[in-house]
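Asker: model_18.txt (compact mmCIF, C-alpha atoms and all ligand atoms) pasted underneath:
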```
# COMPACT_ATOMS: atom_id res chain seq x y z
CA MET A 14 0.00 0.00 0.00
CA ALA A 15 1.09 3.52 -0.69
CA GLY A 16 -0.19 6.97 0.17
CA ARG A 17 -1.59 9.09 -2.66
CA ALA A 18 -2.78 12.71 -2.78
CA VAL A 19 -6.13 12.42 -4.58
CA VAL A 20 -8.17 15.32 -6.01
CA VAL A 21 -11.54 15.24 -4.22
CA GLY A 22 -12.83 18.67 -5.26
CA VAL A 23 -12.23 21.38 -7.85
CA GLY A 24 -13.65 24.85 -8.47
CA HIS A 25 -12.94 28.20 -10.03
CA TYR A 26 -13.91 31.85 -10.05
CA LEU A 27 -13.64 34.48 -12.76
CA PRO A 28 -14.25 38.19 -12.22
CA GLU A 29 -17.43 39.51 -13.83
CA ARG A 30 -15.87 41.89 -16.34
CA VAL A 31 -15.07 40.27 -19.71
CA VAL A 32 -12.78 42.22 -22.01
CA PRO A 33 -12.79 41.24 -25.70
CA ASN A 34 -9.70 41.83 -27.86
CA SER A 35 -11.52 44.61 -29.70
CA GLU A 36 -11.35 46.78 -26.55
CA PHE A 37 -7.56 47.13 -27.01
CA GLU A 38 -8.01 48.41 -30.58
CA THR A 39 -9.22 51.75 -29.20
CA THR A 40 -6.06 52.49 -27.17
CA LEU A 41 -3.26 50.52 -28.87
CA ASP A 42 -1.86 49.82 -32.35
CA THR A 43 -3.19 46.25 -32.30
CA SER A 44 -6.06 44.18 -33.66
CA ASP A 45 -8.35 41.35 -32.66
CA GLU A 46 -6.88 39.44 -35.61
CA TRP A 47 -3.24 39.84 -34.41
CA ILE A 48 -4.07 38.78 -30.85
CA ARG A 49 -6.14 35.77 -31.99
CA THR A 50 -3.66 34.45 -34.53
CA ARG A 51 -0.46 35.04 -32.47
CA SER A 52 -1.82 33.91 -29.08
CA GLY A 53 -5.22 32.21 -29.48
CA ILE A 54 -6.72 34.65 -26.97
CA GLU A 55 -10.20 36.07 -27.72
CA ARG A 56 -11.19 37.55 -24.36
CA ARG A 57 -10.09 37.68 -20.73
CA HIS A 58 -11.60 38.65 -17.37
CA PHE A 59 -10.35 41.62 -15.34
CA ALA A 60 -10.97 42.09 -11.62
CA ALA A 61 -13.18 45.00 -10.57
CA GLU A 62 -11.68 48.00 -8.82
CA GLY A 63 -10.92 46.94 -5.25
CA GLU A 64 -11.31 43.23 -6.06
CA THR A 65 -8.09 41.50 -5.01
CA THR A 66 -6.31 38.19 -5.52
CA SER A 67 -7.50 36.87 -2.13
CA ASP A 68 -11.10 37.70 -3.12
CA LEU A 69 -10.78 35.60 -6.29
CA ALA A 70 -8.97 32.85 -4.35
CA PHE A 71 -11.65 32.75 -1.65
CA ASN A 72 -14.42 32.30 -4.22
CA ALA A 73 -12.52 29.50 -6.00
CA ALA A 74 -11.82 27.84 -2.61
CA GLU A 75 -15.50 27.91 -1.69
CA ALA A 76 -16.41 26.33 -5.04
CA ALA A 77 -13.84 23.55 -4.54
CA LEU A 78 -15.04 22.86 -0.97
CA LYS A 79 -18.63 22.65 -2.23
CA ASP A 80 -17.59 20.28 -5.01
CA ALA A 81 -15.83 18.06 -2.42
CA GLY A 82 -18.73 18.21 0.06
CA LEU A 83 -16.28 19.47 2.70
CA THR A 84 -16.04 22.50 4.97
CA ALA A 85 -13.00 24.58 5.95
CA ALA A 86 -12.79 22.61 9.22
CA ASP A 87 -11.85 19.53 7.16
CA ILE A 88 -8.75 21.25 5.66
CA ASP A 89 -5.30 21.02 7.29
CA ALA A 90 -3.37 23.37 5.01
CA ILE A 91 -3.80 25.98 2.28
CA ILE A 92 -1.17 26.59 -0.38
CA LEU A 93 -1.87 29.57 -2.63
CA ALA A 94 0.19 30.00 -5.78
CA THR A 95 0.37 33.66 -6.79
CA SER A 96 2.73 36.42 -7.89
CA THR A 97 0.12 39.11 -7.26
CA ALA A 98 -0.75 38.82 -3.54
CA ASP A 99 -2.91 41.60 -2.05
CA LEU A 100 -0.20 42.79 0.35
CA THR A 101 3.52 42.32 0.84
CA PHE A 102 2.50 40.37 3.93
CA PRO A 103 0.62 38.55 5.34
CA SER A 104 0.31 35.90 2.67
CA ALA A 105 -2.84 35.84 0.56
CA ALA A 106 -3.23 32.26 1.79
CA THR A 107 -3.72 33.34 5.42
CA MET A 108 -6.23 35.98 4.24
CA VAL A 109 -8.21 33.21 2.52
CA GLN A 110 -7.86 31.07 5.65
CA ALA A 111 -9.47 33.83 7.73
CA ARG A 112 -12.27 34.40 5.18
CA LEU A 113 -13.06 30.67 5.26
CA GLY A 114 -13.31 30.82 9.07
CA MET A 115 -10.50 28.27 9.36
CA THR A 116 -8.55 28.64 12.61
CA ASN A 117 -6.69 25.33 12.53
CA GLY A 118 -3.84 24.18 10.32
CA PHE A 119 -1.51 26.45 8.34
CA ALA A 120 -1.48 28.50 5.14
CA PHE A 121 1.23 29.94 2.93
CA ASP A 122 1.87 31.36 -0.56
CA VAL A 123 4.10 29.88 -3.24
CA GLN A 124 5.64 32.15 -5.86
CA ALA A 125 6.83 30.51 -9.06
CA VAL A 126 4.93 32.79 -11.48
CA CYS A 127 3.15 30.77 -14.20
CA ALA A 128 4.62 27.51 -12.85
CA GLY A 129 3.21 28.35 -9.39
CA PHE A 130 0.34 25.88 -9.42
CA VAL A 131 2.57 22.98 -10.45
CA TYR A 132 4.99 23.92 -7.63
CA ALA A 133 2.06 24.21 -5.16
CA LEU A 134 0.68 20.78 -6.17
CA SER A 135 4.11 19.26 -5.70
CA ASN A 136 4.45 20.83 -2.23
CA ALA A 137 0.95 19.72 -1.22
CA ASN A 138 1.76 16.19 -2.39
CA ALA A 139 4.92 16.19 -0.24
CA LEU A 140 2.99 17.42 2.83
CA ILE A 141 0.41 14.65 2.39
CA LEU A 142 2.91 11.87 1.68
CA SER A 143 5.02 12.87 4.70
CA GLY A 144 1.97 12.82 6.97
CA GLN A 145 2.05 16.55 7.78
CA ALA A 146 -1.42 17.12 6.35
CA LYS A 147 -4.37 14.94 5.36
CA ARG A 148 -6.25 17.45 3.22
CA VAL A 149 -4.68 20.41 1.44
CA LEU A 150 -6.52 23.18 -0.40
CA VAL A 151 -4.33 24.20 -3.34
CA ILE A 152 -5.26 27.47 -5.03
CA GLY A 153 -3.89 29.40 -8.01
CA ALA A 154 -5.09 33.01 -8.08
CA GLU A 155 -3.87 36.12 -9.89
CA THR A 156 -4.70 39.72 -10.72
CA PHE A 157 -2.11 40.27 -13.47
CA SER A 158 -4.16 43.26 -14.67
CA ARG A 159 -2.50 45.13 -11.77
CA ILE A 160 1.01 44.67 -13.19
CA MET A 161 0.26 45.44 -16.85
CA ASP A 162 1.87 48.36 -18.66
CA TRP A 163 -1.21 49.42 -20.67
CA THR A 164 1.03 51.16 -23.22
CA ASP A 165 2.95 47.93 -24.03
CA ARG A 166 0.96 46.06 -26.70
CA SER A 167 3.36 43.11 -26.59
CA THR A 168 2.28 42.15 -23.03
CA CYS A 169 -0.97 43.80 -21.91
CA VAL A 170 -3.18 41.97 -24.42
CA LEU A 171 -2.00 38.55 -23.22
CA PHE A 172 -2.95 38.34 -19.54
CA GLY A 173 -6.13 38.00 -17.47
CA ASP A 174 -7.36 37.61 -13.88
CA GLY A 175 -8.93 34.55 -12.25
CA ALA A 176 -8.61 31.75 -9.72
CA GLY A 177 -8.95 27.98 -9.52
CA ALA A 178 -8.61 25.53 -6.64
CA VAL A 179 -8.38 21.82 -5.94
CA ILE A 180 -8.61 19.86 -2.70
CA LEU A 181 -6.12 17.03 -2.30
CA GLU A 182 -6.81 14.26 0.20
CA GLY A 183 -4.45 11.54 1.40
CA GLN A 184 -5.80 8.11 0.47
CA GLU A 185 -4.34 4.62 0.30
CA GLY A 186 -3.31 3.37 -3.13
CA ALA A 187 -1.86 0.14 -4.47
CA GLY A 188 1.40 1.89 -5.33
CA THR A 189 0.86 1.40 -9.05
CA ALA A 190 0.27 3.84 -11.91
CA GLN A 191 -3.40 2.76 -11.84
CA ASP A 192 -3.89 4.56 -8.48
CA ARG A 193 -5.93 7.73 -8.38
CA GLY A 194 -4.03 10.84 -7.24
CA ILE A 195 -0.65 12.42 -7.90
CA LEU A 196 1.68 9.82 -9.42
CA SER A 197 4.78 11.97 -10.01
CA THR A 198 6.12 15.52 -10.11
CA ASP A 199 9.02 17.23 -11.87
CA LEU A 200 10.18 20.76 -10.92
CA ASN A 201 12.90 22.87 -12.56
CA SER A 202 14.19 26.43 -12.57
CA ASP A 203 17.10 28.32 -14.09
CA GLY A 204 17.64 31.83 -12.76
CA ARG A 205 19.98 32.78 -15.57
CA TYR A 206 16.90 33.58 -17.67
CA LYS A 207 15.56 36.29 -15.34
CA ASP A 208 15.68 39.00 -17.99
CA LEU A 209 13.31 37.15 -20.33
CA LEU A 210 10.32 37.63 -18.03
CA TYR A 211 10.17 39.74 -14.88
CA VAL A 212 8.43 42.60 -13.09
CA ASP A 213 10.59 45.72 -12.96
CA GLY A 214 9.61 46.59 -9.38
CA GLY A 215 9.08 45.04 -5.97
CA VAL A 216 9.23 45.58 -2.23
CA SER A 217 12.99 45.89 -1.98
CA THR A 218 13.05 48.46 -4.78
CA GLN A 219 10.09 50.31 -3.20
CA SER A 220 7.86 50.10 -6.24
CA THR A 221 5.24 47.84 -7.80
CA GLY A 222 6.53 47.70 -11.34
CA TYR A 223 5.22 46.27 -14.58
CA LEU A 224 5.56 42.90 -16.27
CA ARG A 225 8.35 42.89 -18.89
CA MET A 226 8.71 40.01 -21.33
CA GLN A 227 10.81 39.06 -24.31
CA GLY A 228 7.90 37.00 -25.64
CA ASN A 229 9.64 35.34 -28.58
CA GLN A 230 12.57 34.25 -26.35
CA VAL A 231 10.20 32.79 -23.75
CA PHE A 232 8.37 31.06 -26.60
CA ARG A 233 11.58 29.41 -27.75
CA HIS A 234 12.24 27.92 -24.29
CA ALA A 235 8.61 26.97 -23.69
CA VAL A 236 7.89 24.14 -26.13
CA ASP A 237 11.16 22.24 -25.52
CA LYS A 238 11.12 22.60 -21.74
CA LEU A 239 7.40 21.81 -21.38
CA ALA A 240 7.53 18.64 -23.48
CA ALA A 241 10.72 17.54 -21.66
CA THR A 242 9.33 18.08 -18.14
CA ALA A 243 6.04 16.35 -19.05
CA GLU A 244 7.91 13.35 -20.46
CA THR A 245 10.23 13.22 -17.41
CA ALA A 246 7.26 13.27 -15.03
CA LEU A 247 5.55 10.50 -17.01
CA GLU A 248 8.74 8.43 -16.96
CA LYS A 249 9.00 8.85 -13.16
CA ALA A 250 5.47 7.40 -12.91
CA GLY A 251 6.41 4.48 -15.20
CA LEU A 252 4.13 5.85 -17.92
CA SER A 253 4.50 7.29 -21.41
CA CYS A 254 2.69 9.85 -23.57
CA ASP A 255 0.53 7.01 -24.97
CA ASP A 256 -1.07 6.62 -21.53
CA VAL A 257 -2.21 10.26 -21.31
CA ASP A 258 -5.95 11.07 -21.52
CA TRP A 259 -5.55 14.84 -21.04
CA ILE A 260 -2.77 17.35 -21.21
CA VAL A 261 -3.91 20.25 -19.00
CA PRO A 262 -1.27 22.84 -19.91
CA HIS A 263 -0.55 26.31 -18.62
CA GLN A 264 -2.67 28.51 -20.88
CA ALA A 265 -0.27 31.16 -22.22
CA ASN A 266 -0.45 30.80 -25.98
CA ILE A 267 -2.30 28.34 -28.24
CA ARG A 268 0.82 27.95 -30.41
CA ILE A 269 2.87 26.84 -27.38
CA ILE A 270 0.07 24.45 -26.36
CA GLN A 271 -0.10 22.98 -29.89
CA GLY A 272 3.69 22.76 -30.22
CA THR A 273 4.03 20.93 -26.89
CA ALA A 274 1.25 18.45 -27.73
CA ARG A 275 2.84 17.80 -31.15
CA LYS A 276 6.22 17.19 -29.52
CA MET A 277 4.58 14.72 -27.12
CA GLY A 278 2.88 12.99 -30.07
CA LEU A 279 -0.64 13.75 -28.84
CA PRO A 280 -3.53 15.23 -30.86
CA MET A 281 -5.30 18.41 -29.74
CA LYS A 282 -8.42 16.38 -28.87
CA ASN A 283 -6.45 15.25 -25.79
CA VAL A 284 -5.72 18.81 -24.63
CA VAL A 285 -7.92 21.00 -22.40
CA VAL A 286 -7.82 24.50 -23.92
CA THR A 287 -9.23 27.59 -22.18
CA VAL A 288 -6.77 30.26 -23.34
CA GLN A 289 -9.33 31.72 -25.75
CA ASP A 290 -11.61 32.67 -22.84
CA HIS A 291 -9.18 33.47 -20.01
CA GLY A 292 -5.93 34.71 -21.56
CA ASN A 293 -2.82 33.93 -19.52
CA THR A 294 -3.88 33.88 -15.85
CA SER A 295 -0.41 32.73 -14.71
CA ALA A 296 -0.66 30.43 -11.64
CA ALA A 297 -4.46 30.32 -11.96
CA SER A 298 -4.54 28.90 -15.48
CA ILE A 299 -4.10 25.18 -14.71
CA PRO A 300 -6.68 24.92 -11.88
CA LEU A 301 -9.05 27.02 -14.01
CA ALA A 302 -8.55 24.58 -16.90
CA LEU A 303 -9.02 21.55 -14.59
CA SER A 304 -12.29 23.00 -13.28
CA VAL A 305 -13.60 24.05 -16.70
CA GLY A 306 -12.44 20.73 -18.23
CA LYS A 307 -14.42 18.80 -15.62
CA ALA A 308 -17.50 21.04 -16.04
CA ARG A 309 -17.37 20.52 -19.82
CA GLY A 310 -17.43 16.75 -19.27
CA GLN A 311 -13.91 16.31 -20.68
CA ILE A 312 -12.13 15.19 -17.49
CA LYS A 313 -13.62 12.11 -15.85
CA GLN A 314 -12.67 9.98 -12.83
CA GLY A 315 -9.83 7.62 -13.68
CA ASP A 316 -8.43 9.79 -16.51
CA LEU A 317 -4.65 10.20 -16.63
CA ILE A 318 -3.71 13.89 -16.66
CA VAL A 319 -0.39 15.61 -17.19
CA THR A 320 -0.18 19.30 -16.25
CA GLU A 321 2.79 21.40 -17.38
CA ALA A 322 3.74 25.06 -16.99
CA ILE A 323 6.59 27.52 -17.52
CA GLY A 324 6.97 31.10 -16.37
CA GLY A 325 9.22 33.77 -14.92
CA GLY A 326 12.45 32.50 -13.38
CA LEU A 327 12.50 30.71 -15.63
CA ALA A 328 10.62 28.14 -13.56
CA TRP A 329 8.87 25.13 -15.05
CA GLY A 330 7.52 21.71 -14.19
CA ALA A 331 4.89 19.03 -14.60
CA VAL A 332 2.62 16.88 -12.45
CA VAL A 333 1.12 13.55 -13.49
CA LEU A 334 -2.11 12.60 -11.74
CA ARG A 335 -4.98 10.23 -12.17
CA TRP A 336 -8.30 12.06 -11.63
N1 LIG B 1 -0.50 43.84 -31.74
C1 LIG B 1 0.12 43.98 -32.92
N2 LIG B 1 1.43 43.76 -33.09
C2 LIG B 1 2.15 43.37 -32.02
C3 LIG B 1 1.56 43.19 -30.76
C4 LIG B 1 0.18 43.45 -30.63
N3 LIG B 1 -0.48 43.30 -29.47
N4 LIG B 1 2.52 42.80 -29.89
C5 LIG B 1 3.67 42.72 -30.58
N5 LIG B 1 3.45 43.05 -31.87
C6 LIG B 1 4.41 43.09 -32.97
C7 LIG B 1 5.83 43.24 -32.49
O1 LIG B 1 6.12 44.60 -32.24
C8 LIG B 1 6.61 42.69 -33.68
O2 LIG B 1 6.68 43.68 -34.65
P1 LIG B 1 8.04 43.86 -35.53
O3 LIG B 1 8.17 42.56 -36.26
O4 LIG B 1 7.71 45.02 -36.37
O5 LIG B 1 9.11 44.09 -34.52
C9 LIG B 1 5.70 41.59 -34.21
O6 LIG B 1 4.39 41.85 -33.65
C10 LIG B 1 6.14 40.20 -33.85
O7 LIG B 1 6.49 40.14 -32.47
P2 LIG B 1 6.98 38.83 -31.77
O8 LIG B 1 7.17 39.10 -30.32
O9 LIG B 1 8.12 38.23 -32.52
O10 LIG B 1 5.68 37.90 -32.00
P3 LIG B 1 5.46 36.40 -31.61
O11 LIG B 1 4.96 35.65 -32.74
O12 LIG B 1 6.62 35.83 -30.83
O13 LIG B 1 4.21 36.49 -30.58
C11 LIG B 1 3.84 36.45 -28.20
C12 LIG B 1 4.33 37.25 -29.41
C13 LIG B 1 2.34 36.20 -28.37
C14 LIG B 1 4.12 37.25 -26.94
C15 LIG B 1 4.56 35.10 -28.12
O14 LIG B 1 5.94 35.29 -28.30
C16 LIG B 1 4.36 34.36 -26.82
O15 LIG B 1 3.28 33.88 -26.54
N6 LIG B 1 5.44 34.19 -26.04
C17 LIG B 1 5.41 33.40 -24.84
C18 LIG B 1 4.74 34.08 -23.73
C19 LIG B 1 4.58 33.08 -22.61
O16 LIG B 1 4.41 31.89 -22.81
N7 LIG B 1 4.64 33.46 -21.42
C20 LIG B 1 4.51 32.40 -20.42
C21 LIG B 1 4.93 32.76 -19.22
S1 LIG B 1 4.07 34.14 -18.63
C22 LIG B 1 4.55 34.30 -17.01
O17 LIG B 1 5.34 33.58 -16.52
C23 LIG B 1 4.00 35.44 -16.23
```
Is it possible to give me this structure as C-alpha cells?
Ligand code: ACO
Answerer:
Amino acid sequence: MAGRAVVVGVGHYLPERVVPNSEFETTLDTSDEWIRTRSGIERRHFAAEGETTSDLAFNAAEAALKDAGLTAADIDAIILATSTADLTFPSAATMVQARLGMTNGFAFDVQAVCAGFVYALSNANALILSGQAKRVLVIGAETFSRIMDWTDRSTCVLFGDGAGAVILEGQEGAGTAQDRGILSTDLNSDGRYKDLLYVDGGVSTQSTGYLRMQGNQVFRHAVDKLAATAETALEKAGLSCDDVDWIVPHQANIRIIQGTARKMGLPMKNVVVTVQDHGNTSAASIPLALSVGKARGQIKQGDLIVTEAIGGGLAWGAVVLRW
C-alpha cells in the first residue's frame, strides 16, 4: 500500500468583467486578428476596482469545498500560488484562511509565477505523503491586470485575472500507476533567464513595477522545456505519452500548447484548452482549466492527466495525476 494525494474537489472563479480583444483596438496599435492568430486569446476577465487576488482565491476555494462536500474545518493546510498577492504580507493564503473561518492548520503562498500551481501541487503532495497534512486546499489566483503596462501592446493583451482551486486528500493506493491521485512531479528552474520575463519593481526596490517580457525568447524555451518536463514526469510514474488522456497545460499561448502536444505525439483532442476565454492567468490557469475541463465533461474519474507550466524564473515543471 502507498499513500496518494487524490483530487476530491475542484472549483474556479472568474471576475465579472469580460474584455474582448476589440477593446484594445481603441487604445493601442493592435487588432483582434493579431491577438487571436499570435496567441489564441479572444477575451479575458479583469478584476473589478478593489477586487483582489485573495477575493478571487476565496471564491474559488469555496467552489472547490462545495464540489468536495467538505467544509473549511476539514482542511489542514492551504497553499496559494500567486505572484500578485494583495499585500507584501501577510500571505494571501492566510487571508483566505481567515475568510473561510479556518482557525486550525496552516497556510502559505508559493511564488513561481506561471509555474506556481505545479509547484504548489508538488508541495501539497509532499505534505500529504510525509503525513504533515491529510487534506490540502491548493489554489492558483492572480490579478495580473494590476502589473500590466497598458502602453505595451506586446504584453498587456495577453494576460487575465482569475482563480482555480483543488482539494487534495491523502488516500491509500496500491502503489501502481493505476492509483488515483498524484503519481509523479518534476520541478525545474534556471535563474539565468531572469531577464526574459520579470516585473521591474518590488518591495525591496520600493515600487510595484510592470511585467516585462521578451515574448519570442520565452516562446523558444517553452515548447522544448514543457515537453521535456512532461515526459520526465511520465517516466517517473512508469508511464509514457501514450497513456495520457488529457494534457492540461498552462494557458499562455495556443501555439505553445499545440507545439508541446505535437512534440509529445498527442492530438489536440487530448488537450484541455481555455486560453481563448481566459488569456494567460499565470498560476491560476491550470486549476481554471481543470475545473472548466471537468465542467465541460472532458475530465472524468480515472483519466490520466499531465499538467505542465513555464513562467518567470525561468521556472517550469509538470505533475502527473490520475483524476
Ligand atoms: N499587436 C500587434 N502587433 C504586435 C503586438 C500586438 N499586441 N505585440 C507585438 N506586436 C508586434 C511586435 O512589435 C513585432 O513587430 P516587428 O516585427 O515590427 O518588430 C511583431 O508583432 C512580432 O512580435 P513577436 O514578439 O516576434 O511575436 P510572436 O509571434 O513571438 O508572438 C507572443 C508574441 C504572443 C508574446 C509570443 O511570443 C508568446 O506567446 N510568447 C510566450 C509568452 C509566454 O508563454 N509566457 C509564459 C509565461 S508568462 C509568465 O510567466 C508570467
Asker: Counting only C-alpha atoms, find the residues whose atoms lie at most 12 Å from (-17.4, 23.1, 0.4) (file coordinates) and write them out as a ChimeraX atom specification.
Answerer: /A:21-24,71-88,113,150,178-180
Asker: Determine the nearest neighbour of ligand LIG 1 (chain B) from the options A:Ala297, A:Ala176, A:Ile269, A:Val305, counting all atoms listed in the file.
Answerer: A:Ile269
Asker: Ligand LIG 1 (chain B): which residues are within 8 Å, counting all atoms listed in the file, as number ranges by chain?
Answerer: A: 41-44, 47-48, 51-52, 126-128, 165-171, 210-211, 224, 226-233, 235, 265-266, 268-269, 293, 295, 323-327
Asker: For Gly222 (chain A), which residue out of A:Asp237, A:Asp162, A:Asp174, A:Glu185 is the nearest one, using all atoms listed in the file?
Answerer: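 Ranking A:Asp237, A:Asp162, A:Asp174, A:Glu185 by distance to Gly222 (chain A), first place goes to A:Asp162.
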Asker: Could you state the separation of CA of Asp255 (chain A) and CA of Ser135 (chain A) in Å, given to one decimal place?
Answerer: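 CA of Ser135 (chain A) lies 23.1 Å from CA of Asp255 (chain A).
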Asker: Could you check which of A:Arg112, A:Val257, A:Asp122, A:Glu321 is closest to Ile270 (chain A), using only C-alpha atoms?
Answerer: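 Using only C-alpha atoms, Ile270 (chain A) sits closest to A:Glu321.
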Asker: Hey, can you check how far CA of Ala105 (chain A) sits from CA of Ser67 (chain A)?
Answerer: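 Between CA of Ala105 (chain A) and CA of Ser67 (chain A) the gap works out to 5.5 Å.
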